[in-house]
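Next comes start-v4.txt, with compact mmCIF, C-alpha atoms.
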# COMPACT_ATOMS: atom_id res chain seq x y z
CA MET W 105 25.42 11.24 -22.14
CA ALA W 106 25.07 12.91 -18.75
CA ASP W 107 26.66 16.01 -20.28
CA LEU W 108 24.06 15.99 -23.05
CA LEU W 109 21.27 15.75 -20.50
CA GLN W 110 22.73 18.63 -18.53
CA ARG W 111 22.90 20.77 -21.68
CA VAL W 112 19.25 19.99 -22.44
CA ALA W 113 18.28 20.82 -18.85
CA ALA W 114 20.32 24.01 -18.66
CA ASN W 115 19.27 25.75 -21.85
CA GLY W 116 17.11 23.42 -23.97
CA ASP W 117 20.00 22.57 -26.29
CA VAL W 118 18.32 21.08 -29.38
CA GLU W 119 21.54 19.58 -30.75
CA ALA W 120 22.21 17.80 -27.46
CA PHE W 121 18.67 16.46 -27.48
CA ARG W 122 19.05 15.33 -31.10
CA ALA W 123 22.14 13.33 -30.09
CA LEU W 124 20.23 11.79 -27.18
CA PHE W 125 17.28 10.97 -29.44
CA GLU W 126 19.44 9.36 -32.13
CA THR W 127 21.23 7.29 -29.51
CA TYR W 128 18.32 6.21 -27.33
CA ALA W 129 15.18 6.13 -29.48
CA PRO W 130 16.22 2.95 -31.36
CA ARG W 131 17.45 1.32 -28.14
CA VAL W 132 14.23 2.13 -26.26
CA LYS W 133 12.13 0.87 -29.19
CA SER W 134 14.12 -2.36 -29.25
CA TYR W 135 13.65 -2.71 -25.49
CA MET W 136 9.89 -2.26 -25.88
CA LEU W 137 9.76 -4.88 -28.62
CA ARG W 138 11.64 -7.33 -26.39
CA GLN W 139 9.09 -6.61 -23.65
CA GLY W 140 6.27 -7.72 -25.95
CA ALA W 141 5.01 -4.45 -27.40
CA ASP W 142 3.88 -4.41 -31.02
CA PRO W 143 6.03 -2.25 -33.37
CA ALA W 144 3.62 0.72 -33.40
CA THR W 145 3.34 0.76 -29.60
CA ALA W 146 7.10 0.35 -29.23
CA GLU W 147 7.67 3.35 -31.52
CA GLU W 148 5.10 5.40 -29.62
CA LEU W 149 6.58 4.52 -26.23
CA ALA W 150 10.09 5.35 -27.47
CA GLN W 151 8.88 8.79 -28.56
CA GLU W 152 7.02 9.33 -25.27
CA THR W 153 10.17 8.34 -23.39
CA LEU W 154 12.36 10.84 -25.22
CA LEU W 155 9.71 13.53 -24.88
CA ALA W 156 9.73 12.89 -21.12
CA VAL W 157 13.55 13.13 -21.19
CA TRP W 158 13.23 16.54 -22.88
CA ARG W 159 10.70 17.76 -20.31
CA LYS W 160 12.35 16.24 -17.25
CA ALA W 161 16.03 16.67 -18.07
CA ALA W 162 16.43 19.02 -15.11
CA LEU W 163 15.42 16.19 -12.76
CA TYR W 164 18.34 13.99 -13.82
CA SER W 165 21.10 13.66 -11.25
CA ASN W 166 24.41 12.07 -12.16
CA ASP W 167 24.78 11.04 -8.49
CA LYS W 168 21.80 8.69 -8.66
CA GLY W 169 22.85 6.70 -11.73
CA SER W 170 23.84 6.85 -15.34
CA ALA W 171 21.88 8.65 -18.02
CA THR W 172 21.09 5.30 -19.64
CA THR W 173 19.62 3.93 -16.44
CA TRP W 174 17.54 7.06 -15.96
CA ILE W 175 16.19 7.00 -19.52
CA PHE W 176 15.35 3.30 -19.41
CA THR W 177 13.63 3.77 -16.05
CA ILE W 178 11.40 6.38 -17.67
CA ALA W 179 10.73 3.96 -20.54
CA ARG W 180 9.88 1.10 -18.18
CA ASN W 181 7.51 3.29 -16.14
CA LEU W 182 5.75 4.54 -19.27
CA ARG W 183 5.30 0.95 -20.43
CA ILE W 184 3.84 -0.06 -17.07
CA ASP W 185 1.47 2.92 -17.16
CA ARG W 186 0.38 1.93 -20.68
CA LEU W 187 -0.26 -1.68 -19.61
CA ARG W 188 -2.35 -0.52 -16.67
CA ARG W 189 -4.49 1.68 -18.90
CA GLU W 190 -4.99 -1.05 -21.49
CA VAL W 191 -6.58 -3.67 -19.24
CA VAL W 192 -9.35 -5.07 -21.37
CA TRP W 193 -12.77 -5.64 -19.82
CA GLN W 194 -13.84 -9.24 -20.06
CA PRO W 195 -17.48 -9.92 -19.32
CA LEU W 196 -18.38 -12.99 -17.29
CA PRO W 197 -19.98 -15.93 -19.09
CA GLU W 198 -23.75 -16.01 -19.35
CA ASN W 199 -25.76 -17.31 -16.38
CA ASN W 200 -22.95 -16.68 -13.95
CA ASP W 201 -24.87 -16.36 -10.71
CA GLU W 202 -21.97 -17.01 -8.36
CA ARG W 203 -21.73 -14.77 -5.35
CA PRO W 204 -18.56 -14.02 -3.45
CA SER W 205 -18.14 -15.98 -0.27
CA GLU W 206 -19.27 -14.23 2.86
CA ASP W 207 -16.93 -16.36 4.96
CA PRO W 208 -14.00 -14.45 6.41
CA ALA W 209 -10.71 -14.88 4.61
CA PRO W 210 -8.46 -17.50 6.22
CA ASP W 211 -5.82 -14.95 7.19
CA GLU W 212 -8.46 -12.70 8.78
CA GLU W 213 -9.89 -15.66 10.67
CA LEU W 214 -6.45 -16.68 11.95
CA SER W 215 -5.67 -13.09 12.91
CA GLU W 216 -8.94 -12.82 14.83
CA ARG W 217 -8.27 -16.09 16.70
CA GLU W 218 -4.77 -14.92 17.65
CA ARG W 219 -6.13 -11.55 18.80
CA ALA W 220 -8.84 -13.28 20.91
CA ALA W 221 -6.24 -15.57 22.48
CA ARG W 222 -4.09 -12.56 23.38
CA VAL W 223 -7.06 -10.75 24.95
CA ARG W 224 -7.96 -13.84 27.00
CA ALA W 225 -4.34 -14.14 28.19
CA ILE W 226 -4.27 -10.47 29.17
CA LEU W 227 -7.59 -10.77 31.02
CA ALA W 228 -6.19 -13.77 32.91
CA GLU W 229 -3.25 -11.63 34.06
CA LEU W 230 -5.44 -8.88 35.50
CA PRO W 231 -5.84 -8.73 39.28
CA PRO W 232 -9.01 -10.61 40.33
CA GLU W 233 -10.96 -7.46 41.30
CA GLN W 234 -10.29 -5.86 37.88
CA SER W 235 -10.99 -9.07 35.99
CA GLU W 236 -14.29 -9.42 37.82
CA VAL W 237 -15.60 -5.98 36.85
CA VAL W 238 -14.53 -6.44 33.22
CA SER W 239 -16.24 -9.84 33.06
CA LEU W 240 -19.45 -8.50 34.55
CA ALA W 241 -19.45 -5.56 32.14
CA PHE W 242 -18.67 -7.45 28.95
CA LEU W 243 -19.81 -11.00 29.51
CA GLU W 244 -22.98 -10.23 31.43
CA GLY W 245 -23.58 -6.78 30.00
CA LEU W 246 -23.99 -5.02 33.33
CA SER W 247 -23.64 -1.27 33.69
CA HIS W 248 -21.21 0.24 36.17
CA SER W 249 -23.99 0.96 38.64
CA GLU W 250 -25.34 -2.61 38.35
CA ILE W 251 -21.84 -3.98 38.98
CA ALA W 252 -21.50 -1.73 42.03
CA THR W 253 -24.82 -3.00 43.38
CA ARG W 254 -23.99 -6.66 42.76
CA LEU W 255 -20.49 -6.44 44.30
CA GLU W 256 -21.63 -4.09 47.05
CA LEU W 257 -18.93 -1.57 46.14
CA PRO W 258 -19.01 2.19 45.68
CA LEU W 259 -19.61 3.24 42.07
CA GLY W 260 -16.28 5.13 42.05
CA THR W 261 -14.41 1.95 42.98
CA VAL W 262 -16.02 0.02 40.10
CA LYS W 263 -15.16 2.82 37.67
CA SER W 264 -11.60 3.01 38.98
CA ARG W 265 -11.08 -0.75 38.63
CA MET W 266 -12.55 -0.65 35.13
CA ARG W 267 -10.27 2.24 34.12
CA LEU W 268 -7.17 0.45 35.47
CA ALA W 269 -8.14 -2.75 33.65
CA TYR W 270 -8.74 -0.86 30.37
CA GLN W 271 -5.35 0.80 30.65
CA LYS W 272 -3.56 -2.52 31.20
CA ILE W 273 -5.41 -4.10 28.28
CA ARG W 274 -4.73 -1.10 26.03
CA ASP W 275 -1.01 -1.12 26.89
CA ALA W 276 -0.74 -4.87 26.26
CA LEU W 277 -2.49 -4.61 22.89
CA GLU W 278 -0.70 -1.46 21.72
CA ASP W 279 0.75 -3.21 18.65
CA LEU W 280 -2.73 -4.12 17.36
CA ARG W 281 -3.86 -0.54 16.82

Show how you would write the structure in this file as structure tokens.
Amino acid sequence: MADLLQRVAANGDVEAFRALFETYAPRVKSYMLRQGADPATAEELAQETLLAVWRKAALYSNDKGSATTWIFTIARNLRIDRLRREVVWQPLPENNDERPSEDPAPDEELSERERAARVRAILAELPPEQSEVVSLAFLEGLSHSEIATRLELPLGTVKSRMRLAYQKIRDALEDLR
């Protein structure tokens, strides 16, 4: 069968394609019926499959698997595409006023708690002078100049401590980005 596919790919050999069609069209149709397709859809998908084989014969590689596997993979993918397109719209029952929950999903809530615990642990590991400036900035909402005034430090020192703390926090939380 691989030889037939190669002949179709190389020069559009109609006789080779006819042999492929006669061999695989009934098998693909039977496969589609076993997968739950109605007879008309199974016939249509079998024809689409063999048409794709005709068009894509040059893409077949004997190294990646048998011709049968390749053809049935095309058939399976076409069936999946058909099922996706045929999703039927089903309207909700009358008077359905339900709204989606605005509560965070449980996995998001758990993830947020774990992230907060990691940040608290990292803040606890900072040197006291860095932890102090971060706490004043984020917990009390002070600006750098207000922190400098409160701690009686030069503004450059506050900024330096803040930058060092940010870098340690960023490095420790690298995997969360």

Contacts of range 105-111 of chain W at 6 Å (only C-alpha atoms; same-chain gap of 3+ positions) as a PyMOL selection string: chain W and resi 114+117+120+161+171

Residue subset to file, keeping C-alpha atoms, as an mmCIF file, in the frame of the given file:
data_model
loop_
_atom_site.group_PDB
_atom_site.id
_atom_site.type_symbol
_atom_site.label_atom_id
_atom_site.label_comp_id
_atom_site.auth_asym_id
_atom_site.auth_seq_id
_atom_site.Cartn_x
_atom_site.Cartn_y
_atom_site.Cartn_z
ATOM 1 C CA ALA W 114 20.320 24.010 -18.660
ATOM 2 C CA ASP W 117 20.000 22.570 -26.290
ATOM 3 C CA ALA W 120 22.210 17.800 -27.460
ATOM 4 C CA ALA W 161 16.030 16.670 -18.070
ATOM 5 C CA ALA W 171 21.880 8.650 -18.020
#

Polymer residues at most 12 Å from (-0.3, -5.2, 19.4) by all atoms listed in the file, as a PyMOL selection string: chain W and resi 215+218-220+222-223+226+273-281

Could you write out that same residue set with C-alpha atoms as a tab-separated table (two decimals), keeping the file's coordinate frame?
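selection-v2.tsv, written as the output of this step:
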chain	number	residue	atom	x	y	z
W	215	SER	CA	-5.67	-13.09	12.91
W	218	GLU	CA	-4.77	-14.92	17.65
W	219	ARG	CA	-6.13	-11.55	18.80
W	220	ALA	CA	-8.84	-13.28	20.91
W	222	ARG	CA	-4.09	-12.56	23.38
W	223	VAL	CA	-7.06	-10.75	24.95
W	226	ILE	CA	-4.27	-10.47	29.17
W	273	ILE	CA	-5.41	-4.10	28.28
W	274	ARG	CA	-4.73	-1.10	26.03
W	275	ASP	CA	-1.01	-1.12	26.89
W	276	ALA	CA	-0.74	-4.87	26.26
W	277	LEU	CA	-2.49	-4.61	22.89
W	278	GLU	CA	-0.70	-1.46	21.72
W	279	ASP	CA	0.75	-3.21	18.65
W	280	LEU	CA	-2.73	-4.12	17.36
W	281	ARG	CA	-3.86	-0.54	16.82

CA of Ala113 in chain W to CA of Val132 in chain W, straight-line distance in Å: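 Interatomic distance, CA of Val132 in chain W to CA of Ala113 in chain W: 20.5 Å.
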
Interatomic distance (Å, one decimal) between CA of Arg180 in chain W and CA of Ala144 in chain W: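 Here the two named atoms are 16.5 Å from each other.
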
For range 236-253 of chain W: contacts at 10 Å, all atoms listed in the file, fewer than 3 positions along chain excluded, given as a PyMOL selection string: chain W and resi 227+230-233+256-263+265-267+269-270

Selected residue of minimal separation from Arg131 in chain W among W:Thr172, W:Thr145, W:Ser264, W:Asn166, counting all atoms listed in the file: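 Closest to Arg131 in chain W, using all atoms listed in the file: W:Thr172.
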
Pick from W:Lys272, W:Arg183, W:Gln139, W:Ala123 nearest to Glu229 in chain W, counting only C-alpha atoms: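 Closest to Glu229 in chain W of all the choices is W:Lys272.
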
Length of the CA of Ser165 in chain W to CA of Lys133 in chain W vector [Å]: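 Separation of CA of Ser165 in chain W and CA of Lys133 in chain W: 23.8 Å.
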